[in-house]
file start_16.txt (compact mmCIF, C-alpha atoms)
# COMPACT_ATOMS: atom_id res chain seq x y z
CA MET A 16 -38.05 33.70 67.75
CA ARG A 17 -34.32 33.08 68.06
CA TYR A 18 -31.60 34.44 65.75
CA ILE A 19 -28.25 32.67 65.69
CA ARG A 20 -25.10 33.26 63.72
CA PRO A 21 -23.04 30.05 63.81
CA LEU A 22 -19.39 30.11 62.77
CA SER A 23 -19.21 26.47 61.68
CA ILE A 24 -21.30 24.29 59.42
CA GLU A 25 -21.48 21.68 62.21
CA ASP A 26 -23.08 24.18 64.58
CA ALA A 27 -25.53 25.34 61.90
CA VAL A 28 -26.56 21.79 61.02
CA GLY A 29 -26.79 20.84 64.70
CA GLU A 30 -29.07 23.77 65.53
CA LEU A 31 -31.32 23.10 62.53
CA ALA A 32 -31.48 19.38 63.26
CA LYS A 33 -32.60 19.86 66.86
CA ALA A 34 -34.99 22.75 66.14
CA VAL A 35 -38.47 21.91 67.38
CA GLY A 36 -40.49 24.55 65.56
CA PRO A 37 -40.15 25.93 62.06
CA ALA A 38 -36.61 27.00 61.25
CA ALA A 39 -35.28 29.16 58.43
CA ILE A 40 -31.86 29.63 56.90
CA LEU A 41 -30.90 33.27 56.31
CA ALA A 42 -28.36 34.27 53.67
CA GLY A 43 -29.49 37.36 51.74
CA GLY A 44 -33.00 37.41 53.17
CA SER A 45 -34.53 38.85 49.99
CA ASP A 46 -37.14 36.09 50.00
CA LEU A 47 -37.21 35.13 53.69
CA LEU A 48 -37.73 38.60 55.15
CA VAL A 49 -40.47 39.40 52.64
CA ARG A 50 -42.26 36.17 53.50
CA MET A 51 -41.87 36.80 57.22
CA LYS A 52 -43.27 40.30 56.83
CA GLY A 53 -46.21 38.98 54.83
CA GLY A 54 -46.94 36.41 57.52
CA PHE A 55 -46.36 33.50 55.14
CA VAL A 56 -43.66 32.02 57.37
CA GLU A 57 -43.12 32.38 61.10
CA PRO A 58 -39.82 30.75 61.92
CA GLU A 59 -38.95 30.12 65.55
CA LEU A 60 -35.29 29.86 64.64
CA ILE A 61 -33.33 31.88 62.09
CA VAL A 62 -29.88 30.54 61.25
CA ASP A 63 -27.75 33.24 59.62
CA ILE A 64 -25.13 31.35 57.58
CA LYS A 65 -23.08 34.34 56.42
CA ARG A 66 -20.30 34.02 59.01
CA ILE A 67 -19.58 30.35 58.38
CA GLY A 68 -16.09 29.92 56.91
CA GLY A 69 -16.09 29.69 53.12
CA PHE A 70 -19.79 30.49 52.74
CA SER A 71 -19.09 33.98 51.42
CA ASP A 72 -16.28 33.03 49.01
CA ILE A 73 -15.99 32.08 45.36
CA THR A 74 -13.01 29.75 44.97
CA GLU A 75 -11.47 28.49 41.76
CA THR A 76 -10.43 24.87 42.14
CA ALA A 77 -8.81 22.36 39.80
CA ASP A 78 -12.33 21.13 38.96
CA GLY A 79 -13.96 24.51 38.43
CA PHE A 80 -15.69 26.97 40.73
CA ARG A 81 -17.10 26.69 44.23
CA ILE A 82 -19.63 29.41 45.00
CA GLY A 83 -20.38 29.66 48.72
CA ALA A 84 -24.05 29.65 49.67
CA ALA A 85 -23.94 33.21 51.03
CA VAL A 86 -22.19 34.88 48.07
CA PRO A 87 -24.42 37.72 46.83
CA CYS A 88 -25.23 37.77 43.12
CA ALA A 89 -23.48 41.15 42.78
CA VAL A 90 -20.21 39.39 43.64
CA LEU A 91 -20.77 36.84 40.87
CA GLY A 92 -20.99 39.71 38.41
CA GLU A 93 -17.68 41.11 39.65
CA HIS A 94 -15.79 37.81 39.33
CA ALA A 95 -13.97 38.03 36.00
CA ALA A 96 -12.99 34.36 35.72
CA LEU A 97 -16.48 33.12 36.59
CA LYS A 98 -18.06 35.50 34.09
CA LYS A 99 -15.70 34.34 31.38
CA ALA A 100 -16.29 30.64 32.06
CA TRP A 101 -20.05 30.75 32.77
CA PRO A 102 -21.53 33.93 31.26
CA GLY A 103 -25.01 32.41 31.14
CA VAL A 104 -25.06 31.58 34.84
CA VAL A 105 -23.79 35.05 35.72
CA GLU A 106 -26.24 36.87 33.43
CA ALA A 107 -29.11 34.89 34.97
CA ALA A 108 -27.95 35.67 38.52
CA LYS A 109 -27.57 39.35 37.61
CA LEU A 110 -31.20 39.54 36.47
CA ILE A 111 -32.52 38.96 39.98
CA GLY A 112 -33.91 42.16 41.45
CA SER A 113 -32.48 45.66 41.74
CA LYS A 114 -28.98 46.69 42.72
CA GLN A 115 -30.11 46.70 46.34
CA VAL A 116 -31.35 43.12 46.02
CA GLN A 117 -28.22 42.09 44.09
CA GLY A 118 -26.14 43.05 47.12
CA ARG A 119 -27.96 40.43 49.18
CA CYS A 120 -29.59 37.73 47.03
CA THR A 121 -27.79 34.43 46.41
CA ILE A 122 -28.08 31.68 43.80
CA THR A 123 -28.35 29.10 46.57
CA GLY A 124 -31.27 31.04 48.03
CA ASN A 125 -32.83 31.33 44.58
CA LEU A 126 -32.55 27.55 44.26
CA CYS A 127 -33.92 26.79 47.74
CA ASN A 128 -36.77 29.28 47.48
CA ALA A 129 -37.92 26.86 44.79
CA SER A 130 -39.90 29.29 42.68
CA PRO A 131 -40.65 27.82 39.25
CA ALA A 132 -39.73 31.25 37.84
CA ALA A 133 -36.33 31.54 39.56
CA ASP A 134 -33.93 33.17 37.12
CA SER A 135 -30.65 31.57 38.09
CA VAL A 136 -31.99 28.03 38.31
CA PRO A 137 -32.49 27.21 34.59
CA ALA A 138 -28.99 28.55 33.93
CA LEU A 139 -27.56 26.42 36.75
CA VAL A 140 -29.43 23.34 35.56
CA ALA A 141 -28.19 23.89 32.01
CA ALA A 142 -24.67 24.32 33.37
CA GLY A 143 -24.90 20.96 35.13
CA ALA A 144 -24.22 22.66 38.45
CA LYS A 145 -24.04 20.61 41.63
CA ALA A 146 -25.06 21.51 45.16
CA VAL A 147 -22.95 20.47 48.15
CA VAL A 148 -25.38 19.57 50.91
CA ALA A 149 -24.26 19.32 54.54
CA GLY A 150 -26.52 17.56 56.99
CA PRO A 151 -26.68 15.56 60.22
CA SER A 152 -25.48 12.42 58.42
CA GLY A 153 -22.63 14.07 56.53
CA LYS A 154 -22.18 15.66 53.15
CA ARG A 155 -23.51 14.79 49.74
CA THR A 156 -23.22 16.39 46.33
CA ILE A 157 -26.36 16.44 44.19
CA ALA A 158 -27.46 17.84 40.85
CA VAL A 159 -29.17 21.21 41.33
CA GLU A 160 -32.26 20.07 39.42
CA THR A 161 -32.98 17.56 42.20
CA VAL A 162 -33.27 20.32 44.84
CA PRO A 163 -36.64 21.95 44.00
CA THR A 164 -39.49 19.44 44.06
CA GLY A 165 -42.39 21.86 43.56
CA PRO A 166 -43.23 25.52 44.14
CA GLY A 167 -41.69 26.41 47.52
CA ARG A 168 -40.64 22.82 48.25
CA THR A 169 -37.20 21.19 48.16
CA SER A 170 -35.71 17.74 48.60
CA LEU A 171 -33.56 18.92 51.52
CA ALA A 172 -34.17 17.01 54.75
CA LYS A 173 -34.42 18.55 58.23
CA GLY A 174 -31.05 19.86 59.31
CA GLU A 175 -29.63 20.01 55.79
CA ILE A 176 -27.99 23.12 54.35
CA ILE A 177 -26.59 23.74 50.88
CA GLU A 178 -23.10 25.05 51.59
CA ALA A 179 -21.98 25.73 48.02
CA ILE A 180 -22.79 25.43 44.34
CA LEU A 181 -20.18 23.78 42.11
CA LEU A 182 -19.60 24.61 38.46
CA ASP A 183 -17.26 22.56 36.29
CA LYS A 184 -14.12 23.85 34.68
CA ARG A 185 -14.83 24.71 31.05
CA PRO A 186 -13.37 22.77 28.14
CA ALA A 187 -12.51 24.52 24.86
CA HIS A 188 -15.46 25.57 22.64
CA ALA A 189 -18.02 25.85 25.43
CA GLY A 190 -20.71 28.47 25.97
CA ASP A 191 -23.88 29.03 27.94
CA ALA A 192 -26.65 31.63 27.92
CA TYR A 193 -29.91 32.56 29.63
CA LEU A 194 -32.90 34.66 28.59
CA ARG A 195 -36.29 35.32 30.10
CA PHE A 196 -39.42 37.00 28.85
CA ILE A 197 -40.84 39.80 31.00
CA PRO A 198 -43.35 42.46 29.95
CA ARG A 199 -41.14 45.24 31.35
CA THR A 200 -37.51 45.95 30.49
CA GLU A 201 -36.09 45.13 33.92
CA MET A 202 -36.88 43.94 37.41
CA ASP A 203 -39.70 41.53 36.92
CA ILE A 204 -40.43 37.84 37.37
CA ALA A 205 -39.90 35.56 34.38
CA VAL A 206 -43.07 34.71 32.47
CA VAL A 207 -41.02 31.98 30.83
CA SER A 208 -37.26 31.50 30.51
CA ALA A 209 -34.57 29.30 28.98
CA GLY A 210 -30.98 28.38 29.80
CA ILE A 211 -28.75 26.44 27.40
CA ASN A 212 -25.21 25.17 27.72
CA LEU A 213 -23.28 23.80 24.72
CA THR A 214 -19.87 22.39 23.92
CA LEU A 215 -18.71 22.14 20.31
CA ASP A 216 -16.02 20.24 18.45
CA ASP A 217 -13.37 21.96 16.30
CA LYS A 218 -15.77 22.11 13.36
CA GLY A 219 -18.63 23.71 15.25
CA ILE A 220 -20.66 20.51 15.63
CA ILE A 221 -22.49 20.40 18.97
CA LYS A 222 -20.94 17.70 21.17
CA THR A 223 -22.90 18.14 24.37
CA ALA A 224 -25.99 20.17 25.21
CA ARG A 225 -28.20 20.87 28.17
CA VAL A 226 -31.47 22.74 27.74
CA ALA A 227 -33.51 24.00 30.71
CA LEU A 228 -36.80 25.91 30.79
CA GLY A 229 -38.05 28.08 33.66
CA ALA A 230 -41.59 29.13 34.64
CA ALA A 231 -42.87 26.45 32.29
CA ALA A 232 -43.75 23.78 34.88
CA PRO A 233 -43.90 23.38 38.70
CA THR A 234 -40.11 23.00 38.70
CA VAL A 235 -37.42 23.94 36.22
CA LEU A 236 -37.50 21.51 33.28
CA LEU A 237 -34.39 19.81 31.96
CA VAL A 238 -35.46 18.99 28.40
CA GLU A 239 -33.33 16.03 27.34
CA GLU A 240 -35.12 15.60 24.04
CA ALA A 241 -34.13 19.15 23.12
CA ALA A 242 -30.50 18.40 23.94
CA GLU A 243 -30.63 15.30 21.74
CA ALA A 244 -31.98 17.39 18.88
CA LEU A 245 -28.92 19.64 19.12
CA ILE A 246 -26.15 17.08 19.58
CA GLY A 247 -24.30 16.12 16.41
CA ARG A 248 -25.52 19.19 14.52
CA THR A 249 -24.71 22.82 13.90
CA LEU A 250 -27.35 25.45 14.57
CA ASP A 251 -28.95 25.40 11.13
CA ASP A 252 -32.54 26.50 10.60
CA GLY A 253 -33.93 22.99 10.71
CA THR A 254 -32.23 22.26 14.05
CA LEU A 255 -33.48 25.51 15.54
CA GLU A 256 -37.00 24.76 14.37
CA ARG A 257 -36.93 21.31 15.96
CA LEU A 258 -35.51 22.81 19.16
CA ALA A 259 -38.39 25.29 19.39
CA LYS A 260 -40.98 22.63 18.72
CA ILE A 261 -39.60 20.29 21.36
CA CYS A 262 -39.31 23.07 23.98
CA SER A 263 -42.84 24.30 23.32
CA GLY A 264 -44.08 20.72 23.62
CA ALA A 265 -42.16 20.06 26.84
CA CYS A 266 -43.80 22.97 28.70
CA ARG A 267 -46.43 22.23 31.31
CA PRO A 268 -47.21 25.84 32.23
CA ILE A 269 -50.08 27.45 34.11
CA ASP A 270 -52.43 30.21 33.03
CA ASP A 271 -51.99 33.24 35.23
CA LYS A 272 -51.97 37.01 35.13
CA ARG A 273 -48.44 37.06 33.77
CA GLY A 274 -49.03 34.74 30.82
CA THR A 275 -51.34 32.19 29.31
CA ILE A 276 -50.45 28.56 28.65
CA GLU A 277 -50.47 29.18 24.92
CA PHE A 278 -48.24 32.24 25.20
CA ARG A 279 -45.74 30.49 27.49
CA ARG A 280 -45.49 27.51 25.14
CA LYS A 281 -44.86 29.71 22.14
CA VAL A 282 -42.32 31.94 23.89
CA ALA A 283 -40.44 28.98 25.38
CA GLY A 284 -39.65 27.86 21.86
CA VAL A 285 -38.63 31.32 20.70
CA LEU A 286 -36.41 31.88 23.74
CA ALA A 287 -34.76 28.47 23.33
CA GLN A 288 -33.78 29.40 19.77
CA ARG A 289 -32.33 32.75 20.80
CA VAL A 290 -30.52 31.32 23.81
CA ALA A 291 -29.08 28.48 21.73
CA ALA A 292 -27.78 31.00 19.21
CA THR A 293 -26.05 33.03 21.93
CA ALA A 294 -24.58 29.95 23.63
CA TYR A 295 -23.39 28.65 20.26
CA LYS A 296 -21.69 31.94 19.45
CA ARG A 297 -20.07 32.09 22.89
CA ALA A 298 -18.75 28.58 22.30
CA GLY A 299 -17.03 29.86 19.19
CA GLY A 300 -19.54 28.53 16.67
CA LYS A 301 -20.31 30.53 13.55
CA MET B 3 -37.37 40.23 76.28
CA ALA B 4 -33.98 41.87 76.47
CA GLY B 5 -33.07 41.32 72.86
CA ILE B 6 -29.88 40.76 70.94
CA ALA B 7 -26.91 42.99 71.75
CA VAL B 8 -25.43 44.38 68.56
CA SER B 9 -22.22 46.33 68.19
CA THR B 10 -21.77 48.02 64.83
CA THR B 11 -20.43 51.11 63.08
CA ILE B 12 -22.84 53.66 61.63
CA ASN B 13 -21.46 56.59 59.62
CA GLY B 14 -18.08 56.00 61.19
CA ASP B 15 -19.28 55.97 64.79
CA GLY B 16 -19.34 52.90 67.00
CA VAL B 17 -22.96 52.17 67.97
CA GLU B 18 -24.44 49.58 70.32
CA TYR B 19 -28.08 48.62 70.53
CA LEU B 20 -30.45 45.88 71.59
CA CYS B 21 -32.93 44.55 69.04
CA GLN B 22 -35.45 41.77 68.62
CA PRO B 23 -34.58 38.86 66.30
CA ASP B 24 -37.24 39.79 63.73
CA GLU B 25 -36.54 43.51 63.84
CA THR B 26 -35.19 44.94 60.59
CA LEU B 27 -32.19 47.22 60.34
CA LEU B 28 -34.59 49.88 59.05
CA ASP B 29 -36.67 49.68 62.22
CA VAL B 30 -33.54 49.78 64.36
CA LEU B 31 -32.24 52.86 62.54
CA ARG B 32 -35.55 54.70 62.74
CA ASP B 33 -37.10 53.60 66.00
CA ARG B 34 -34.14 52.83 68.23
CA LEU B 35 -31.41 55.13 66.95
CA GLY B 36 -33.48 58.09 65.76
CA LEU B 37 -31.95 57.98 62.28
CA THR B 38 -35.15 58.65 60.38
CA GLY B 39 -33.58 59.51 57.01
CA ALA B 40 -34.13 56.02 55.60
CA LYS B 41 -37.85 55.62 54.89
CA GLU B 42 -40.15 52.64 54.78
CA GLY B 43 -41.94 52.78 51.45
CA CYS B 44 -42.89 49.19 50.77
CA GLY B 45 -41.07 47.13 53.38
CA THR B 46 -40.45 44.41 50.80
CA GLY B 47 -37.35 45.58 48.94
CA ASP B 48 -39.18 47.00 45.93
CA CYS B 49 -38.96 50.78 46.38
CA GLY B 50 -35.46 51.49 47.67
CA ALA B 51 -36.55 54.30 50.03
CA CYS B 52 -34.75 52.52 52.88
CA SER B 53 -31.44 52.15 50.98
CA VAL B 54 -28.28 52.09 53.06
CA ILE B 55 -24.76 50.83 52.39
CA VAL B 56 -23.52 47.88 54.45
CA ASP B 57 -19.84 46.97 54.09
CA GLY B 58 -19.72 48.76 50.76
CA ARG B 59 -22.88 47.13 49.36
CA LEU B 60 -26.05 49.00 48.58
CA VAL B 61 -28.95 47.19 50.28
CA CYS B 62 -32.54 47.76 51.34
CA SER B 63 -32.41 48.09 55.12
CA CYS B 64 -35.96 46.68 55.30
CA LEU B 65 -34.52 43.37 54.06
CA VAL B 66 -31.70 43.23 56.59
CA LEU B 67 -32.19 42.18 60.20
CA GLY B 68 -30.88 44.53 62.84
CA ALA B 69 -28.94 41.63 64.31
CA GLU B 70 -27.07 41.14 61.03
CA ALA B 71 -25.32 44.50 61.42
CA GLU B 72 -23.01 43.08 64.11
CA GLY B 73 -19.45 44.09 63.24
CA ARG B 74 -20.47 45.68 59.94
CA LYS B 75 -20.03 49.21 58.63
CA VAL B 76 -23.34 50.89 57.88
CA GLU B 77 -23.63 54.15 55.92
CA THR B 78 -26.90 56.09 55.98
CA ILE B 79 -28.10 59.38 54.53
CA GLU B 80 -27.31 61.06 57.88
CA GLY B 81 -23.60 60.57 57.15
CA MET B 82 -23.68 62.05 53.67
CA ALA B 83 -23.18 65.75 54.36
CA HIS B 84 -20.14 66.98 56.28
CA GLY B 85 -21.70 69.29 58.83
CA GLU B 86 -23.19 72.18 56.86
CA GLN B 87 -21.35 71.12 53.72
CA LEU B 88 -23.75 69.18 51.51
CA HIS B 89 -22.52 66.27 49.41
CA PRO B 90 -22.36 67.26 45.70
CA LEU B 91 -25.31 64.95 45.01
CA GLN B 92 -27.40 66.68 47.67
CA GLN B 93 -26.44 70.06 46.26
CA LYS B 94 -27.33 69.03 42.72
CA PHE B 95 -30.63 67.44 43.77
CA LEU B 96 -31.58 70.85 45.20
CA GLU B 97 -30.38 72.80 42.15
CA HIS B 98 -32.18 70.51 39.69
CA ALA B 99 -35.33 70.23 41.83
CA ALA B 100 -34.83 66.47 41.70
CA LEU B 101 -37.36 65.95 44.45
CA GLN B 102 -40.89 66.90 45.28
CA CYS B 103 -42.38 65.08 48.27
CA GLY B 104 -38.95 63.87 49.35
CA ILE B 105 -39.83 60.40 50.65
CA CYS B 106 -37.70 58.63 48.06
CA THR B 107 -34.86 61.17 48.16
CA PRO B 108 -32.61 59.71 50.90
CA GLY B 109 -32.73 56.34 49.12
CA PHE B 110 -31.94 57.92 45.76
CA LEU B 111 -29.05 59.89 47.23
CA ILE B 112 -27.52 56.82 48.86
CA ALA B 113 -28.00 54.73 45.71
CA ALA B 114 -26.52 57.51 43.56
CA LYS B 115 -23.56 57.85 45.93
CA ASP B 116 -22.92 54.12 45.67
CA LEU B 117 -23.25 54.33 41.89
CA LEU B 118 -20.75 57.19 41.51
CA GLU B 119 -18.26 55.62 43.90
CA LYS B 120 -18.19 52.50 41.73
CA ASN B 121 -18.56 54.26 38.39
CA PRO B 122 -17.54 57.95 38.47
CA SER B 123 -18.51 58.53 34.80
CA PRO B 124 -21.77 56.68 34.23
CA THR B 125 -23.74 57.02 31.00
CA GLU B 126 -27.37 58.07 31.25
CA GLU B 127 -28.35 54.45 30.71
CA GLU B 128 -26.05 53.31 33.50
CA ILE B 129 -27.56 55.91 35.83
CA ARG B 130 -31.10 54.86 34.98
CA PHE B 131 -30.20 51.19 35.36
CA GLY B 132 -28.25 51.82 38.58
CA LEU B 133 -31.16 53.68 40.15
CA ALA B 134 -33.86 51.30 38.94
CA GLY B 135 -34.22 49.88 42.45
CA ASN B 136 -35.48 53.25 43.66
CA LEU B 137 -39.02 54.34 42.92
CA CYS B 138 -40.21 57.95 42.70
CA ARG B 139 -43.83 58.88 42.02
CA CYS B 140 -43.25 62.63 41.73
CA THR B 141 -40.39 63.60 39.48
CA GLY B 142 -40.68 61.25 36.52
CA TYR B 143 -36.98 60.48 37.17
CA ASP B 144 -35.62 62.86 34.57
CA LYS B 145 -34.56 65.55 37.01
CA ILE B 146 -32.95 62.93 39.22
CA VAL B 147 -30.89 61.64 36.30
CA ARG B 148 -29.82 65.20 35.37
CA ALA B 149 -28.82 65.91 38.97
CA VAL B 150 -26.71 62.75 39.15
CA GLN B 151 -25.03 63.59 35.83
CA ASP B 152 -24.25 67.09 37.02
CA ALA B 153 -22.96 65.83 40.37
CA ALA B 154 -20.72 63.33 38.58
CA THR B 155 -19.22 66.15 36.51
CA MET B 156 -18.74 68.27 39.64
CA MET B 157 -17.13 65.44 41.59
CA LYS B 158 -14.71 64.66 38.78
CA GLY B 159 -13.67 68.32 38.69
CA ALA B 160 -13.13 68.42 42.44

call {"tool": "encode", "arguments": {"input": "start_16.txt", "output": "structure tokens"}}
result
Amino acid sequence: MRYIRPLSIEDAVGELAKAVGPAAILAGGSDLLVRMKGGFVEPELIVDIKRIGGFSDITETADGFRIGAAVPCAVLGEHAALKKAWPGVVEAAKLIGSKQVQGRCTITGNLCNASPAADSVPALVAAGAKAVVAGPSGKRTIAVETVPTGPGRTSLAKGEIIEAILLDKRPAHAGDAYLRFIPRTEMDIAVVSAGINLTLDDKGIIKTARVALGAAAPTVLLVEEAAEALIGRTLDDGTLERLAKICSGACRPIDDKRGTIEFRRKVAGVLAQRVAATAYKRAGGK
Amino acid sequence: MAGIAVSTTINGDGVEYLCQPDETLLDVLRDRLGLTGAKEGCGTGDCGACSVIVDGRLVCSCLVLGAEAEGRKVETIEGMAHGEQLHPLQQKFLEHAALQCGICTPGFLIAAKDLLEKNPSPTEEEIRFGLAGNLCRCTGYDKIVRAVQDAATMMKGA
């Protein structure tokens, strides 16, 4: 096994592209090191991306925020402007693991680990976040929901690295939120979860909506029908009821020790209602 | 295999070591440097017994590679007391009997130190939340929380 710590994205991509055996990207290591210890992965090359310029920074640009791939979730929670603009994304990122894990884990890692139950991913999908991917043939910017393709699998090609996550600048009357169900009070894996992002007009009518469900299918679900049910309305009881019904119907969950199919369907609807209410309130709706 | 040459700072002292690419910082601390305060409870980041502070961040040293410590500042339990002078948290853990078997204690002390440095007046809820990444099977946590509260009061008075 070889460990390298490149200082440029070109070097990192070059090393990954020419790697013969299995290669792994190391940012926080809170998934990778556990999987290595368990014998689930045996990389021949570990590329530590934390010293690459810009990878450990959150920058505010004219278009919004650029969150480097190696920024720990704890740092997201300490960034006042990011928290104000995207409270749902930050609250989702802050739910991952203990304080010790928060000091290491990253939203890019959470995305690339491709767990259906990843906490930050539904919030990022709802937020319409983009991933900047660097690879042997250059850079591309893709919607985050196109990254995970199944449990543990991503659409990234050999040699490709996500260098940052982009979040848009917020217009007036915008709000997002994230909630998950876990049987404990803290530090657990989502049984089912929901992230919703809304923008409203001056009168509190929903102008745009994105609704995402986690742990409800092999990948995070972007439920467009649920968004359509919200757009053009306020959050009255009828709208909330339709939202829950659509979200429950959109789930394709599994039965496992953490929850049954029936339970996940039901809770997905309940969470969507609660998350929508929080997002609506954060957007200034009454 | 010679290993990776790492130059780092541990408890304020410059330290150099060689480690293997898959060797964790916890293994380096314990097996190469003789700093056996940090314990391996789970080895998967769940129990917090291996907690150390790296560049001001509380982390599980079992989830950090030894090679990653290059150029960083690492703080371990061995650096907490000043000679014979115990840190207020250590003193209060003793007074409140906030430990029984002691395996989790170095991790709790480091996590509590990090907590009080960032939040000198935590509420009970903030203490319980802040220490939730550390598991203890002996004390039932209550004595630990009381010790941290008492230490916080003492440190503010100092």

call {"tool": "closest_residue", "arguments": {"input": "start_16.txt", "among": "B:Ser63, B:Asn13, B:Thr46, B:Gln93", "to": "chain A", "atoms": "all atoms listed in the file"}}
result
B:Thr46

call {"tool": "interface_residues", "arguments": {"input": "start_16.txt", "of": "chain B", "to": "chain A", "cutoff": "12 Å", "atoms": "only C-alpha atoms", "output": "CSV table (one decimal) with C-alpha atoms, in the frame of the given file"}}
result
chain,number,residue,atom,x,y,z
B,3,MET,CA,-37.4,40.2,76.3
B,5,GLY,CA,-33.1,41.3,72.9
B,6,ILE,CA,-29.9,40.8,70.9
B,7,ALA,CA,-26.9,43.0,71.8
B,21,CYS,CA,-32.9,44.6,69.0
B,22,GLN,CA,-35.4,41.8,68.6
B,23,PRO,CA,-34.6,38.9,66.3
B,24,ASP,CA,-37.2,39.8,63.7
B,25,GLU,CA,-36.5,43.5,63.8
B,26,THR,CA,-35.2,44.9,60.6
B,27,LEU,CA,-32.2,47.2,60.3
B,44,CYS,CA,-42.9,49.2,50.8
B,45,GLY,CA,-41.1,47.1,53.4
B,46,THR,CA,-40.4,44.4,50.8
B,47,GLY,CA,-37.4,45.6,48.9
B,48,ASP,CA,-39.2,47.0,45.9
B,49,CYS,CA,-39.0,50.8,46.4
B,50,GLY,CA,-35.5,51.5,47.7
B,51,ALA,CA,-36.6,54.3,50.0
B,52,CYS,CA,-34.8,52.5,52.9
B,53,SER,CA,-31.4,52.2,51.0
B,54,VAL,CA,-28.3,52.1,53.1
B,55,ILE,CA,-24.8,50.8,52.4
B,56,VAL,CA,-23.5,47.9,54.4
B,57,ASP,CA,-19.8,47.0,54.1
B,58,GLY,CA,-19.7,48.8,50.8
B,59,ARG,CA,-22.9,47.1,49.4
B,60,LEU,CA,-26.0,49.0,48.6
B,61,VAL,CA,-29.0,47.2,50.3
B,62,CYS,CA,-32.5,47.8,51.3
B,63,SER,CA,-32.4,48.1,55.1
B,64,CYS,CA,-36.0,46.7,55.3
B,65,LEU,CA,-34.5,43.4,54.1
B,66,VAL,CA,-31.7,43.2,56.6
B,67,LEU,CA,-32.2,42.2,60.2
B,68,GLY,CA,-30.9,44.5,62.8
B,69,ALA,CA,-28.9,41.6,64.3
B,70,GLU,CA,-27.1,41.1,61.0
B,71,ALA,CA,-25.3,44.5,61.4
B,72,GLU,CA,-23.0,43.1,64.1
B,73,GLY,CA,-19.4,44.1,63.2
B,74,ARG,CA,-20.5,45.7,59.9
B,109,GLY,CA,-32.7,56.3,49.1
B,110,PHE,CA,-31.9,57.9,45.8
B,112,ILE,CA,-27.5,56.8,48.9
B,113,ALA,CA,-28.0,54.7,45.7
B,114,ALA,CA,-26.5,57.5,43.6
B,116,ASP,CA,-22.9,54.1,45.7
B,117,LEU,CA,-23.2,54.3,41.9
B,120,LYS,CA,-18.2,52.5,41.7
B,128,GLU,CA,-26.0,53.3,33.5
B,129,ILE,CA,-27.6,55.9,35.8
B,130,ARG,CA,-31.1,54.9,35.0
B,131,PHE,CA,-30.2,51.2,35.4
B,132,GLY,CA,-28.2,51.8,38.6
B,133,LEU,CA,-31.2,53.7,40.2
B,134,ALA,CA,-33.9,51.3,38.9
B,135,GLY,CA,-34.2,49.9,42.4
B,136,ASN,CA,-35.5,53.2,43.7
B,137,LEU,CA,-39.0,54.3,42.9

call {"tool": "atom_distance", "arguments": {"input": "start_16.txt", "atom1": "CA of Thr293 (chain A)", "atom2": "CA of Ile197 (chain A)"}}
result
18.6 Å

call {"tool": "residues_around", "arguments": {"input": "start_16.txt", "residues": "Thr107 (chain B)", "least_positions_apart": "6", "cutoff": "9 Å", "atoms": "all atoms listed in the file", "output": "MDAnalysis selection string"}}
result
chainID B and resid 51 95 100:101 138

call {"tool": "residues_around", "arguments": {"input": "start_16.txt", "residues": "Ser152 (chain A)", "least_positions_apart": "5", "cutoff": "12 Å", "atoms": "all atoms listed in the file", "output": "PDB file with C-alpha atoms, in the frame of the given file"}}
result
ATOM      1  CA  GLU A  25     -21.480  21.680  62.210  1.00  0.00           C
ATOM      2  CA  VAL A  28     -26.560  21.790  61.020  1.00  0.00           C
ATOM      3  CA  GLY A  29     -26.790  20.840  64.700  1.00  0.00           C
ATOM      4  CA  ALA A  32     -31.480  19.380  63.260  1.00  0.00           C
ATOM      5  CA  ALA A 172     -34.170  17.010  54.750  1.00  0.00           C
ATOM      6  CA  LYS A 173     -34.420  18.550  58.230  1.00  0.00           C
ATOM      7  CA  GLY A 174     -31.050  19.860  59.310  1.00  0.00           C
ATOM      8  CA  GLU A 175     -29.630  20.010  55.790  1.00  0.00           C
ATOM      9  CA  ILE A 176     -27.990  23.120  54.350  1.00  0.00           C
TER      10      ILE A 176
END

call {"tool": "residues_near_point", "arguments": {"input": "start_16.txt", "point": "(-36.5, 31.6, 21.5)", "cutoff": "10 Å", "atoms": "all atoms listed in the file", "output": "compact mmCIF listing (two decimals) with C-alpha atoms, in the coordinates of the input"}}
result
# COMPACT_ATOMS: atom_id res chain seq x y z
CA LEU A 194 -32.90 34.66 28.59
CA ARG A 195 -36.29 35.32 30.10
CA PHE A 196 -39.42 37.00 28.85
CA SER A 208 -37.26 31.50 30.51
CA ALA A 209 -34.57 29.30 28.98
CA LEU A 255 -33.48 25.51 15.54
CA GLU A 256 -37.00 24.76 14.37
CA LEU A 258 -35.51 22.81 19.16
CA ALA A 259 -38.39 25.29 19.39
CA CYS A 262 -39.31 23.07 23.98
CA SER A 263 -42.84 24.30 23.32
CA LYS A 281 -44.86 29.71 22.14
CA VAL A 282 -42.32 31.94 23.89
CA ALA A 283 -40.44 28.98 25.38
CA GLY A 284 -39.65 27.86 21.86
CA VAL A 285 -38.63 31.32 20.70
CA LEU A 286 -36.41 31.88 23.74
CA ALA A 287 -34.76 28.47 23.33
CA GLN A 288 -33.78 29.40 19.77
CA ARG A 289 -32.33 32.75 20.80
CA VAL A 290 -30.52 31.32 23.81
CA ALA A 291 -29.08 28.48 21.73
CA ALA A 292 -27.78 31.00 19.21

call {"tool": "atom_distance", "arguments": {"input": "start_16.txt", "atom1": "CA of Gly36 (chain A)", "atom2": "CA of Ala158 (chain A)"}}
result
28.7 Å
